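Chemist: Coordinates in protein12.csv, CSV, C-alpha atoms, are listed below.
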chain,number,residue,atom,x,y,z
W,1,MET,CA,-7.6,-44.9,-22.2
W,2,SER,CA,-8.6,-42.6,-19.3
W,3,PRO,CA,-10.8,-39.6,-20.2
W,4,PHE,CA,-9.0,-37.4,-17.7
W,5,ASN,CA,-8.2,-33.9,-19.0
W,6,LEU,CA,-6.3,-31.7,-16.7
W,7,GLU,CA,-7.2,-28.6,-18.6
W,8,THR,CA,-11.0,-29.1,-18.1
W,9,CYS,CA,-10.7,-30.8,-14.6
W,10,ALA,CA,-8.6,-28.2,-12.8
W,11,ARG,CA,-9.9,-24.8,-11.8
W,12,SER,CA,-9.3,-22.3,-14.5
W,13,ASN,CA,-7.8,-19.7,-12.1
W,14,ILE,CA,-5.2,-22.3,-10.9
W,15,LEU,CA,-4.3,-23.2,-14.4
W,16,ALA,CA,-3.6,-19.6,-15.1
W,17,LEU,CA,-1.1,-19.3,-12.2
W,18,GLU,CA,2.5,-18.5,-13.0
W,19,PRO,CA,4.9,-20.6,-10.9
W,20,TYR,CA,5.8,-18.9,-7.7
W,21,ARG,CA,9.3,-17.4,-8.0
W,22,CYS,CA,11.3,-16.8,-4.8
W,23,ALA,CA,14.6,-15.3,-4.0
W,24,ARG,CA,16.7,-18.5,-4.5
W,25,ASP,CA,15.3,-19.2,-7.9
W,26,ASP,CA,17.7,-16.9,-9.7
W,27,TYR,CA,20.8,-17.0,-7.6
W,28,LYS,CA,21.5,-19.6,-5.0
W,29,ASP,CA,23.7,-19.6,-1.9
W,30,ASP,CA,26.9,-21.3,-3.0
W,31,GLY,CA,28.8,-20.5,0.2
W,32,THR,CA,30.6,-17.5,-1.2
W,33,ASN,CA,27.6,-15.3,-2.3
W,34,ILE,CA,26.3,-12.6,0.0
W,35,LEU,CA,22.5,-12.6,-0.1
W,36,LEU,CA,21.0,-9.1,0.2
W,37,ASP,CA,17.9,-9.9,-1.7
W,38,ALA,CA,15.3,-11.6,0.6
W,39,ASN,CA,15.3,-9.2,3.6
W,40,GLU,CA,16.5,-12.0,5.9
W,41,ASN,CA,18.2,-11.1,9.2
W,42,ALA,CA,21.9,-11.0,8.4
W,43,TYR,CA,22.9,-11.5,12.0
W,44,GLY,CA,21.0,-14.8,12.4
W,45,PRO,CA,18.3,-16.2,14.7
W,46,SER,CA,17.3,-14.9,18.1
W,47,LEU,CA,19.2,-17.6,19.9
W,48,THR,CA,22.1,-17.1,22.2
W,49,ALA,CA,25.5,-18.5,21.1
W,50,THR,CA,25.2,-21.1,23.8
W,51,ALA,CA,21.7,-22.1,22.8
W,52,ALA,CA,22.6,-22.3,19.2
W,53,SER,CA,25.5,-24.6,19.8
W,54,SER,CA,24.3,-26.7,22.8
W,55,PRO,CA,20.9,-28.5,22.6
W,56,SER,CA,20.9,-28.9,26.4
W,57,SER,CA,20.8,-25.2,27.1
W,58,GLY,CA,18.7,-24.0,24.2
W,59,PRO,CA,15.1,-24.4,23.1
W,60,GLU,CA,13.4,-27.4,24.8
W,61,ILE,CA,12.6,-29.5,21.7
W,62,ASP,CA,11.2,-32.8,22.8
W,63,PHE,CA,12.7,-35.1,20.1
W,64,VAL,CA,11.4,-38.2,21.9
W,65,GLY,CA,7.9,-36.8,21.7
W,66,LEU,CA,7.9,-36.2,18.0
W,67,HIS,CA,5.6,-39.2,17.5
W,68,ARG,CA,2.8,-37.1,19.1
W,69,TYR,CA,0.8,-34.4,17.4
W,70,PRO,CA,1.7,-30.8,18.5
W,71,ASP,CA,-0.4,-28.5,20.6
W,72,PRO,CA,-3.2,-27.3,18.5
W,73,HIS,CA,-3.8,-24.1,20.5
W,74,GLN,CA,-0.3,-22.7,21.3
W,75,ARG,CA,-1.5,-20.5,24.1
W,76,ASP,CA,2.0,-20.3,25.8
W,77,LEU,CA,3.4,-19.0,22.5
W,78,LYS,CA,0.5,-16.6,22.0
W,79,GLN,CA,1.0,-15.2,25.5
W,80,LEU,CA,4.6,-14.4,24.8
W,81,LEU,CA,3.5,-12.6,21.7
W,82,CYS,CA,1.0,-10.6,23.7
W,83,ASN,CA,3.6,-9.8,26.3
W,84,LEU,CA,5.8,-8.3,23.6
W,85,ARG,CA,3.1,-6.2,22.0
W,86,ASN,CA,1.1,-5.0,25.0
W,87,THR,CA,3.1,-1.8,25.1
W,88,HIS,CA,0.2,0.6,25.8
W,89,HIS,CA,1.4,3.0,23.2
W,90,HIS,CA,-2.0,2.8,21.4
W,91,THR,CA,-4.5,1.6,24.0
W,92,ASP,CA,-4.9,1.0,27.8
W,93,LYS,CA,-6.5,-2.3,27.0
W,94,LYS,CA,-4.6,-5.6,26.9
W,95,ILE,CA,-4.7,-8.2,24.2
W,96,THR,CA,-4.7,-11.9,25.2
W,97,PRO,CA,-4.2,-15.2,23.4
W,98,ASP,CA,-7.8,-15.1,22.4
W,99,ASN,CA,-6.8,-12.2,20.1
W,100,LEU,CA,-4.3,-14.4,18.2
W,101,PHE,CA,-4.0,-16.8,15.3
W,102,VAL,CA,-0.6,-18.4,14.6
W,103,GLY,CA,0.3,-20.0,11.3
W,104,VAL,CA,2.9,-21.2,8.9
W,105,GLY,CA,4.5,-17.8,8.1
W,106,SER,CA,2.5,-14.8,7.2
W,107,ASP,CA,1.5,-16.6,4.0
W,108,GLU,CA,-1.0,-18.8,5.9
W,109,ALA,CA,-2.4,-15.7,7.5
W,110,ILE,CA,-2.8,-13.9,4.2
W,111,ASP,CA,-4.5,-16.9,2.7
W,112,GLY,CA,-6.6,-17.6,5.7
W,113,LEU,CA,-8.1,-14.1,5.9
W,114,MET,CA,-9.1,-14.3,2.3
W,115,ARG,CA,-10.7,-17.7,2.7
W,116,CYS,CA,-12.5,-16.4,5.8
W,117,PHE,CA,-14.0,-13.3,4.2
W,118,CYS,CA,-14.0,-13.6,0.4
W,119,ALA,CA,-16.4,-15.7,-1.7
W,120,PRO,CA,-14.5,-17.0,-4.7
W,121,GLY,CA,-15.5,-15.5,-8.0
W,122,ARG,CA,-17.4,-12.7,-6.3
W,123,ASP,CA,-15.5,-10.8,-3.6
W,124,ARG,CA,-12.4,-8.6,-4.0
W,125,ILE,CA,-9.4,-7.3,-2.0
W,126,LEU,CA,-7.8,-3.9,-2.2
W,127,VAL,CA,-4.0,-3.5,-2.3
W,128,CYS,CA,-1.8,-0.4,-2.7
W,129,PRO,CA,1.2,-0.9,-5.1
W,130,PRO,CA,4.1,-1.1,-4.7
W,131,THR,CA,3.5,-3.8,-2.1
W,132,TYR,CA,4.2,-7.4,-1.1
W,133,GLY,CA,3.4,-9.7,-4.0
W,134,MET,CA,1.9,-12.5,-2.0
W,135,TYR,CA,-1.4,-10.6,-1.6
W,136,SER,CA,-2.0,-10.8,-5.3
W,137,VAL,CA,-0.8,-14.4,-5.6
W,138,SER,CA,-3.2,-15.5,-2.8
W,139,ALA,CA,-6.0,-13.6,-4.4
W,140,GLN,CA,-5.5,-15.5,-7.7
W,141,VAL,CA,-5.3,-18.9,-5.9
W,142,ASN,CA,-8.6,-18.1,-4.1
W,143,ASP,CA,-10.3,-16.7,-7.2
W,144,VAL,CA,-10.6,-13.3,-5.5
W,145,GLY,CA,-10.6,-10.1,-7.5
W,146,LEU,CA,-8.1,-7.4,-7.0
W,147,VAL,CA,-8.6,-3.6,-6.7
W,148,LYS,CA,-5.3,-1.5,-6.9
W,149,ILE,CA,-5.0,2.0,-5.5
W,150,PRO,CA,-1.3,3.0,-5.8
W,151,LEU,CA,0.5,4.6,-3.0
W,152,LEU,CA,1.3,8.3,-3.3
W,153,PRO,CA,4.6,9.1,-5.0
W,154,ALA,CA,8.0,8.5,-3.5
W,155,PRO,CA,9.6,9.1,-1.1
W,156,THR,CA,6.7,9.1,1.3
W,157,PHE,CA,4.7,6.3,-0.4
W,158,ALA,CA,1.8,7.3,1.8
W,159,LEU,CA,-1.8,6.0,1.4
W,160,ASP,CA,-4.0,7.7,-1.1
W,161,VAL,CA,-6.7,7.9,1.5
W,162,ILE,CA,-9.2,9.8,-0.6
W,163,LYS,CA,-9.1,7.3,-3.5
W,164,ILE,CA,-9.2,4.3,-1.1
W,165,LYS,CA,-12.3,5.7,0.6
W,166,GLU,CA,-13.9,6.3,-2.7
W,167,ALA,CA,-13.2,2.8,-3.8
W,168,LEU,CA,-14.6,1.4,-0.6
W,169,SER,CA,-17.7,3.5,-1.0
W,170,ASN,CA,-18.3,2.8,-4.7
W,171,GLU,CA,-16.6,-0.5,-5.7
W,172,PRO,CA,-18.8,-3.6,-4.9
W,173,ASN,CA,-17.7,-6.6,-2.8
W,174,ILE,CA,-14.3,-5.3,-1.5
W,175,LYS,CA,-14.0,-7.3,1.8
W,176,LEU,CA,-10.3,-6.8,2.7
W,177,VAL,CA,-7.7,-4.0,2.5
W,178,TYR,CA,-4.1,-5.2,2.7
W,179,LEU,CA,-1.6,-2.6,3.9
W,180,CYS,CA,2.1,-3.2,4.4
W,181,SER,CA,3.7,-1.0,7.1
W,182,PRO,CA,6.6,-0.6,6.9
W,183,GLY,CA,6.1,-1.2,3.2
W,184,ASN,CA,7.9,-3.7,1.0
W,185,PRO,CA,9.7,-2.6,-1.1
W,186,THR,CA,9.3,1.0,0.2
W,187,GLY,CA,10.4,0.7,3.8
W,188,SER,CA,7.9,3.5,4.6
W,189,PRO,CA,5.5,3.3,7.5
W,190,ILE,CA,1.8,4.0,7.0
W,191,ALA,CA,0.4,6.8,9.1
W,192,LYS,CA,-1.8,5.6,12.0
W,193,GLU,CA,-4.3,8.4,11.2
W,194,ASP,CA,-4.7,7.2,7.7
W,195,ILE,CA,-5.4,3.7,8.9
W,196,ARG,CA,-7.9,5.1,11.4
W,197,GLN,CA,-9.8,6.9,8.6
W,198,LEU,CA,-10.3,3.5,6.8
W,199,LEU,CA,-11.4,1.8,10.0
W,200,GLU,CA,-14.0,4.5,10.5
W,201,HIS,CA,-15.4,4.4,7.0
W,202,PRO,CA,-19.1,5.0,7.5
W,203,THR,CA,-20.5,2.4,5.0
W,204,TRP,CA,-17.8,-0.1,4.2
W,205,ASN,CA,-18.2,-3.6,5.8
W,206,GLY,CA,-14.8,-5.1,5.7
W,207,VAL,CA,-11.5,-5.7,7.5
W,208,VAL,CA,-8.3,-3.5,7.3
W,209,ILE,CA,-5.2,-5.8,7.5
W,210,VAL,CA,-1.8,-4.2,8.4
W,211,ASP,CA,1.2,-6.4,7.6
W,212,GLU,CA,3.9,-5.5,10.0
W,213,ALA,CA,6.6,-7.9,8.9
W,214,TYR,CA,9.3,-5.3,9.4
W,215,VAL,CA,8.0,-3.4,12.4
W,216,ASP,CA,10.8,-4.6,14.7
W,217,PHE,CA,13.1,-2.3,12.7
W,218,SER,CA,10.9,0.7,13.4
W,219,PRO,CA,11.0,2.9,16.5
W,220,GLU,CA,9.7,1.4,19.7
W,221,GLY,CA,5.9,1.4,20.0
W,222,SER,CA,5.3,1.5,16.3
W,223,SER,CA,3.4,-1.8,16.2
W,224,LEU,CA,-0.4,-1.5,16.1
W,225,ALA,CA,-0.9,-5.1,17.3
W,226,GLU,CA,-2.5,-4.0,20.6
W,227,TRP,CA,-4.8,-1.6,18.8
W,228,VAL,CA,-6.9,-4.5,17.7
W,229,ALA,CA,-8.5,-4.3,21.2
W,230,GLU,CA,-10.1,-1.1,20.0
W,231,TRP,CA,-11.4,-2.1,16.6
W,232,PRO,CA,-13.6,-5.0,15.5
W,233,ASN,CA,-12.4,-4.7,11.9
W,234,LEU,CA,-8.6,-4.5,12.3
W,235,ALA,CA,-6.1,-7.4,11.8
W,236,VAL,CA,-2.3,-7.0,12.3
W,237,MET,CA,0.0,-9.6,10.8
W,238,GLN,CA,3.5,-10.2,12.0
W,239,THR,CA,6.3,-12.7,11.3
W,240,SER,CA,9.3,-14.2,13.1
W,241,SER,CA,11.3,-14.2,9.9
W,242,LYS,CA,12.7,-10.6,9.9
W,243,GLY,CA,13.5,-8.9,13.2
W,244,PHE,CA,13.8,-12.2,15.0
W,245,GLY,CA,15.8,-13.9,12.3
W,246,MET,CA,13.7,-17.1,12.4
W,247,ALA,CA,12.7,-17.4,8.7
W,248,GLY,CA,13.5,-21.1,8.7
W,249,ILE,CA,10.8,-22.0,11.3
W,250,ARG,CA,8.0,-20.4,9.2
W,251,LEU,CA,5.9,-18.8,12.0
W,252,GLY,CA,3.5,-15.9,11.4
W,253,SER,CA,0.7,-14.4,13.5
W,254,VAL,CA,-2.4,-12.4,13.3
W,255,PHE,CA,-3.5,-10.1,16.1
W,256,THR,CA,-7.2,-9.3,15.7
W,257,SER,CA,-10.6,-9.1,17.5
W,258,GLU,CA,-11.6,-12.2,19.4
W,259,PRO,CA,-14.5,-13.0,17.0
W,260,ILE,CA,-12.2,-12.9,13.9
W,261,ALA,CA,-9.5,-14.9,15.8
W,262,ARG,CA,-12.1,-17.5,16.6
W,263,LEU,CA,-13.0,-17.8,12.9
W,264,LEU,CA,-9.3,-18.1,11.8
W,265,ASN,CA,-8.6,-20.7,14.5
W,266,SER,CA,-11.7,-22.7,13.5
W,267,MET,CA,-10.6,-22.8,9.8
W,268,LYS,CA,-7.0,-23.8,10.3
W,269,ALA,CA,-5.6,-27.3,10.1
W,270,PRO,CA,-5.7,-28.7,13.6
W,271,TYR,CA,-2.0,-29.1,14.1
W,272,ASN,CA,-0.6,-26.4,11.9
W,273,ILE,CA,2.4,-25.4,14.1
W,274,PRO,CA,5.0,-28.2,14.4
W,275,SER,CA,6.4,-28.9,17.9
W,276,PRO,CA,10.0,-27.9,17.0
W,277,THR,CA,8.7,-24.6,15.5
W,278,SER,CA,6.8,-23.9,18.6
W,279,ALA,CA,9.8,-24.6,20.9
W,280,LEU,CA,12.1,-22.5,18.8
W,281,ALA,CA,9.6,-19.6,18.7
W,282,ILE,CA,9.0,-19.7,22.5
W,283,TYR,CA,12.7,-19.4,23.0
W,284,ALA,CA,13.0,-16.5,20.5
W,285,PHE,CA,10.2,-14.6,22.3
W,286,SER,CA,11.6,-15.4,25.8
W,287,PRO,CA,13.8,-12.8,27.7
W,288,ASP,CA,17.0,-14.5,26.4
W,289,GLY,CA,15.8,-14.5,22.8
W,290,LEU,CA,14.6,-10.9,23.0
W,291,THR,CA,18.0,-9.8,24.3
W,292,VAL,CA,19.6,-11.4,21.2
W,293,MET,CA,17.0,-9.9,18.9
W,294,ARG,CA,17.5,-6.4,20.2
W,295,ALA,CA,21.3,-6.7,20.0
W,296,ASN,CA,21.1,-7.9,16.4
W,297,ARG,CA,18.7,-5.1,15.6
W,298,GLU,CA,21.2,-2.5,16.9
W,299,LYS,CA,23.8,-3.9,14.6
W,300,ILE,CA,21.4,-3.8,11.6
W,301,VAL,CA,20.4,-0.3,12.3
W,302,ALA,CA,24.1,0.7,12.5
W,303,GLN,CA,24.8,-0.8,9.1
W,304,ARG,CA,21.6,0.8,7.7
W,305,GLU,CA,22.9,4.2,8.9
W,306,ARG,CA,26.2,3.4,7.3
W,307,LEU,CA,24.5,2.6,3.9
W,308,LEU,CA,22.6,5.8,4.1
W,309,ARG,CA,25.9,7.7,4.6
W,310,GLU,CA,28.0,5.8,2.0
W,311,LEU,CA,25.6,5.1,-0.9
W,312,PRO,CA,25.1,8.7,-2.0
W,313,LYS,CA,28.9,9.0,-2.3
W,314,ILE,CA,29.0,6.4,-5.1
W,315,LYS,CA,28.8,7.7,-8.6
W,316,GLY,CA,25.7,6.4,-10.3
W,317,VAL,CA,23.6,5.9,-7.1
W,318,GLY,CA,20.5,8.1,-7.2
W,319,ARG,CA,17.9,9.0,-4.7
W,320,LEU,CA,16.6,7.0,-1.7
W,321,ARG,CA,13.1,6.3,-2.8
W,322,GLY,CA,11.5,5.0,0.3
W,323,GLY,CA,11.7,5.1,4.1
W,324,ILE,CA,14.2,3.8,6.6
W,325,GLU,CA,12.1,1.8,9.0
W,326,SER,CA,13.1,-1.7,7.7
W,327,ASN,CA,16.1,-3.9,7.2
W,328,PHE,CA,16.4,-2.8,3.5
W,329,LEU,CA,16.8,0.3,1.4
W,330,LEU,CA,15.4,1.2,-2.0
W,331,TYR,CA,17.7,3.3,-4.2
W,332,GLU,CA,17.7,4.5,-7.8
W,333,MET,CA,20.5,3.4,-10.2
W,334,LEU,CA,21.5,6.2,-12.6
W,335,ASN,CA,22.7,5.8,-16.2
W,336,LYS,CA,25.7,7.7,-17.5
W,337,ASP,CA,23.5,10.7,-18.2
W,338,GLY,CA,22.5,10.8,-14.5
W,339,GLN,CA,19.0,9.6,-15.0
W,340,PRO,CA,17.2,6.7,-13.2
W,341,ASP,CA,17.1,3.8,-15.7
W,342,ASN,CA,15.8,0.3,-15.6
W,343,ALA,CA,18.3,-1.0,-18.1
W,344,THR,CA,21.1,0.3,-15.9
W,345,ALA,CA,19.5,-1.1,-12.7
W,346,LEU,CA,19.0,-4.5,-14.3
W,347,ALA,CA,22.6,-4.6,-15.6
W,348,VAL,CA,23.9,-3.7,-12.2
W,349,TYR,CA,21.7,-6.3,-10.6
W,350,GLU,CA,22.9,-9.1,-12.9
W,351,ARG,CA,26.5,-8.2,-12.9
W,352,LEU,CA,26.6,-7.8,-9.1
W,353,ALA,CA,25.3,-11.4,-8.8
W,354,GLU,CA,27.1,-13.1,-11.6
W,355,ASN,CA,30.5,-11.3,-11.4
W,356,LYS,CA,30.7,-10.2,-7.7
W,357,GLY,CA,28.6,-12.8,-5.9
W,358,VAL,CA,26.5,-10.0,-4.4
W,359,VAL,CA,22.7,-10.7,-4.8
W,360,VAL,CA,20.3,-7.8,-4.4
W,361,ARG,CA,16.7,-7.4,-5.7
W,362,PHE,CA,15.6,-5.6,-8.9
W,363,ARG,CA,12.4,-3.7,-8.3
W,364,GLY,CA,12.3,-1.3,-11.4
W,365,LYS,CA,8.9,-2.6,-12.7
W,366,GLU,CA,7.1,-1.8,-9.5
W,367,HIS,CA,4.9,1.2,-9.3
W,368,GLY,CA,7.0,4.3,-8.4
W,369,CYS,CA,10.2,2.3,-8.3
W,370,PHE,CA,11.6,3.0,-11.8
W,371,GLY,CA,15.4,2.3,-11.9
W,372,CYS,CA,15.4,0.9,-8.4
W,373,LEU,CA,17.3,-1.8,-6.6
W,374,ARG,CA,16.2,-3.0,-3.1
W,375,VAL,CA,19.2,-3.9,-0.9
W,376,THR,CA,18.9,-5.8,2.4
W,377,VAL,CA,21.1,-4.5,5.2
W,378,GLY,CA,23.9,-7.0,5.8
W,379,THR,CA,26.6,-7.5,8.3
W,380,GLU,CA,29.5,-5.1,8.5
W,381,ALA,CA,31.6,-7.3,6.3
W,382,GLU,CA,28.7,-7.8,3.8
W,383,VAL,CA,28.0,-4.1,3.6
W,384,THR,CA,31.7,-3.4,3.0
W,385,ARG,CA,31.8,-5.9,0.1
W,386,PHE,CA,28.5,-4.7,-1.3
W,387,LEU,CA,29.7,-1.0,-1.4
W,388,GLY,CA,32.9,-1.8,-3.1
W,389,SER,CA,31.2,-4.2,-5.6
W,390,LEU,CA,28.5,-1.6,-6.4
W,391,ALA,CA,30.9,1.2,-7.0
W,392,ASN,CA,33.0,-1.0,-9.4
W,393,THR,CA,29.9,-2.4,-11.2
W,394,LEU,CA,28.3,1.0,-11.7
W,395,ALA,CA,31.6,2.4,-13.1
W,396,ASP,CA,31.8,-0.6,-15.4
W,397,VAL,CA,28.2,-0.4,-16.6
W,398,ASN,CA,28.2,3.4,-17.1
W,399,GLY,CA,31.7,3.4,-18.6
W,400,HIS,CA,30.3,1.7,-21.7
W,401,ASP,CA,27.3,2.1,-23.9
W,402,ILE,CA,24.7,-0.5,-22.7
W,403,ALA,CA,23.7,-2.7,-25.6
W,404,VAL,CA,20.0,-3.1,-24.6
W,405,PRO,CA,19.1,-6.7,-25.6
W,406,THR,CA,16.0,-7.4,-27.6
W,407,ASP,CA,14.5,-9.3,-24.7
W,408,GLU,CA,15.2,-6.5,-22.2
W,409,GLU,CA,11.5,-6.0,-21.2
W,410,LYS,CA,11.1,-9.8,-20.7
W,411,ARG,CA,14.3,-9.9,-18.5
W,412,GLU,CA,13.1,-6.9,-16.4
W,413,VAL,CA,9.7,-8.5,-15.9
W,414,GLU,CA,11.2,-11.8,-14.9
W,415,ALA,CA,13.7,-10.2,-12.5
W,416,ASN,CA,11.0,-8.1,-10.9
W,417,ALA,CA,8.6,-11.1,-10.5
W,418,VAL,CA,10.6,-12.6,-7.7
W,419,ILE,CA,8.4,-12.4,-4.5
W,420,SER,CA,10.4,-11.5,-1.5
Go through the file and emit its structure as structure tokens.
Modeler:
Amino acid sequence: MSPFNLETCARSNILALEPYRCARDDYKDDGTNILLDANENAYGPSLTATAASSPSSGPEIDFVGLHRYPDPHQRDLKQLLCNLRNTHHHTDKKITPDNLFVGVGSDEAIDGLMRCFCAPGRDRILVCPPTYGMYSVSAQVNDVGLVKIPLLPAPTFALDVIKIKEALSNEPNIKLVYLCSPGNPTGSPIAKEDIRQLLEHPTWNGVVIVDEAYVDFSPEGSSLAEWVAEWPNLAVMQTSSKGFGMAGIRLGSVFTSEPIARLLNSMKAPYNIPSPTSALAIYAFSPDGLTVMRANREKIVAQRERLLRELPKIKGVGRLRGGIESNFLLYEMLNKDGQPDNATALAVYERLAENKGVVVRFRGKEHGCFGCLRVTVGTEAEVTRFLGSLANTLADVNGHDIAVPTDEEKREVEANAVIS
């Protein structure tokens, strides 16, 4: 009999991992549901209608050449990303493909930066809850410690700059600070001046990472990508999944100084971007793709404004608890006494999905998000259905005494644990 023992052979930090839970683990797309829980782009990919329906007029995918490995450097794609972000809102300098790393979604970038800078079992990262859950997951995978400095209270969810600077001065072995701007689940941008204060810390030797997954829903010129030309210790992550509606191709990027970009590109797998992904991304960032993206963004912004007008009119909807620079909104759900309440929010979340086919995201266990649901901005028809379903569900939930189940805490934790 083999002496193999998984419990003593595998790394202890990996054995301790909870299975990753994503948006489709709880409620799947059955063709009738509307999915307002994963912050996907409701209006679809940045492809023209002709390109999406006719292979001959769309992205130039070389199907015959799929037996060859893809381009390991992706300089044409990187140049298009530079063209998009060289706005000169933040610097007169230009970034070039030498300032870029591209990977499999932002997740490869999050992980790669940790592997580049953090020694397992020794170094730590700093995060600011409430924030994107993958920073913590990647830290556990890489056996990297976690320092948490919560954001300031809603609705601003600003950085607590004083406490962060104190931690960077006094806590040992913090190598990276992960900031999400606009935040997830907050939708609030982080002030450029606050980021500058961290970059200028007089003694800390580390890298500030700004995750701009939702920046294309912010005002023009919001992205700090080109600002990396001014700072040796700044990295800006972006994704094609949100504003560009290309979540299915899994493409993320890191804008950073040339030395850090060289390190990241030296570490990556040699052929990490498949040829079809590259071709689709090049189309999405081309003039035709940008035209589609901007038109879709206008539609999303219009529906976001509609939600901001209509949600406060629904009895049982409380305060907007974050910002409005994303394709989602964070709102309190109120109990029948008019108070924010997690039991009410969870009941609304479950009944919307199970009875109405409308899937949103429960976020009530996140710091500063008590009683909150996060709602992705959908199409006009989806928003109409959501508003009607929410009004009816809140009336139903608050029209009766909620029998809080004995496993309420467990259910809230499980619902909140979905990473999206």
Chemist: Between atom CA of W:Gln197 and atom CA of W:Pro120, measure the distance and give it in Å to one decimal.
Modeler: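 Answer for the atom CA of W:Gln197 to atom CA of W:Pro120 separation: 27.8 Å.
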Chemist: Which residue, W:Glu408, W:Asp71, W:Asp194, W:Asp98, has the smallest gap to W:Ala347 when you use only C-alpha atoms?
Modeler: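 Closest to W:Ala347, using only C-alpha atoms: W:Glu408.
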Chemist: Please report, as CSV, each residue of stretch 360-388 of chain W lying at most 9 Å from stretch 166-187 of chain W, together with the nearest pair of atoms and the separation in Å rounded to one decimal; use only C-alpha atoms, and order rows by chain and ascending residue number.
Modeler:
residue,atom,partner,partner_atom,distance
W:Arg363,CA,W:Pro185,CA,7.8
W:Glu366,CA,W:Pro185,CA,8.8
W:Cys369,CA,W:Thr186,CA,8.6
W:Arg374,CA,W:Pro185,CA,6.8
Chemist: For those residues, write C-alpha atoms to a file as a PDB file, in the frame of the given file.
Modeler:
ATOM      1  CA  ARG W 363      12.400  -3.700  -8.300  1.00  0.00           C
ATOM      2  CA  GLU W 366       7.100  -1.800  -9.500  1.00  0.00           C
ATOM      3  CA  CYS W 369      10.200   2.300  -8.300  1.00  0.00           C
ATOM      4  CA  ARG W 374      16.200  -3.000  -3.100  1.00  0.00           C
TER       5      ARG W 374
END
Chemist: Using all atoms listed in the file, pick whichever of W:Val317, W:Ala343, W:Val64, W:Val127 has the shortest atom-to-atom distance to W:Thr406.
Modeler: W:Ala343
Chemist: So that I can check the surroundings of W:Lys78, please list as a count of residues only every protein, DNA and RNA residue that reaches within 9 Å of it, counting all atoms listed in the file and ignoring chain neighbours fewer than 3 positions away.
Modeler: 14
Chemist: With all atoms listed in the file as the atoms that count, which of W:Met134, W:Gly364, W:Tyr349, W:Pro45 lies nearest to W:Ser240?
Modeler: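 Looking only at the distances to W:Ser240, the closest residue turns out to be W:Pro45.
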Chemist: Could you tell me how far atom CA of W:Arg68 lies from atom CA of W:Leu280, in Å and to one decimal?
Modeler: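 Computing it gives 17.3 Å between the two atoms.
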Chemist: Name the residues in contact with W:Glu60 at a cut-off of 9 Å, using only C-alpha atoms, excluding same-chain residues fewer than 6 positions from it; report them as a list in words.
Modeler: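 After dropping sequence-adjacent residues, the list is Pro276, Ala279, Leu280 and Tyr283 of chain W.
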Chemist: Would you please work out which residue, of W:Arg361, W:Lys163, W:Lys336, W:His201, is nearest to W:Lys315 when using all atoms listed in the file?
Modeler: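 Of W:Arg361, W:Lys163, W:Lys336, W:His201, the one nearest W:Lys315 is W:Lys336, counting all atoms listed in the file.
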Chemist: Please provide the set of residues having any atom within 12 Å of stretch 388-403 of chain W, restricted to only C-alpha atoms, with same-chain residues fewer than 3 positions apart removed, written as a short mmCIF file (atom, residue, chain, number, x, y, z; two decimals) with C-alpha atoms, in the coordinates of the input.
Modeler:
data_model
loop_
_atom_site.label_atom_id
_atom_site.label_comp_id
_atom_site.auth_asym_id
_atom_site.auth_seq_id
_atom_site.Cartn_x
_atom_site.Cartn_y
_atom_site.Cartn_z
CA ILE W 34 26.30 -12.60 0.00
CA LEU W 307 24.50 2.60 3.90
CA GLU W 310 28.00 5.80 2.00
CA LEU W 311 25.60 5.10 -0.90
CA PRO W 312 25.10 8.70 -2.00
CA LYS W 313 28.90 9.00 -2.30
CA ILE W 314 29.00 6.40 -5.10
CA LYS W 315 28.80 7.70 -8.60
CA GLY W 316 25.70 6.40 -10.30
CA VAL W 317 23.60 5.90 -7.10
CA GLY W 318 20.50 8.10 -7.20
CA GLU W 332 17.70 4.50 -7.80
CA MET W 333 20.50 3.40 -10.20
CA LEU W 334 21.50 6.20 -12.60
CA ASN W 335 22.70 5.80 -16.20
CA LYS W 336 25.70 7.70 -17.50
CA ASP W 337 23.50 10.70 -18.20
CA GLY W 338 22.50 10.80 -14.50
CA GLN W 339 19.00 9.60 -15.00
CA ASP W 341 17.10 3.80 -15.70
CA ASN W 342 15.80 0.30 -15.60
CA ALA W 343 18.30 -1.00 -18.10
CA THR W 344 21.10 0.30 -15.90
CA ALA W 345 19.50 -1.10 -12.70
CA LEU W 346 19.00 -4.50 -14.30
CA ALA W 347 22.60 -4.60 -15.60
CA VAL W 348 23.90 -3.70 -12.20
CA TYR W 349 21.70 -6.30 -10.60
CA GLU W 350 22.90 -9.10 -12.90
CA ARG W 351 26.50 -8.20 -12.90
CA LEU W 352 26.60 -7.80 -9.10
CA ALA W 353 25.30 -11.40 -8.80
CA GLU W 354 27.10 -13.10 -11.60
CA ASN W 355 30.50 -11.30 -11.40
CA LYS W 356 30.70 -10.20 -7.70
CA GLY W 357 28.60 -12.80 -5.90
CA VAL W 358 26.50 -10.00 -4.40
CA VAL W 359 22.70 -10.70 -4.80
CA VAL W 360 20.30 -7.80 -4.40
CA LEU W 373 17.30 -1.80 -6.60
CA VAL W 375 19.20 -3.90 -0.90
CA ALA W 381 31.60 -7.30 6.30
CA GLU W 382 28.70 -7.80 3.80
CA VAL W 383 28.00 -4.10 3.60
CA THR W 384 31.70 -3.40 3.00
CA ARG W 385 31.80 -5.90 0.10
CA THR W 406 16.00 -7.40 -27.60
CA ASP W 407 14.50 -9.30 -24.70
CA GLU W 408 15.20 -6.50 -22.20
#
Chemist: May I ask for the distance between atom CA of W:Glu226 and atom CA of W:Arg297, given in Å to one decimal place?
Modeler: 21.8 Å
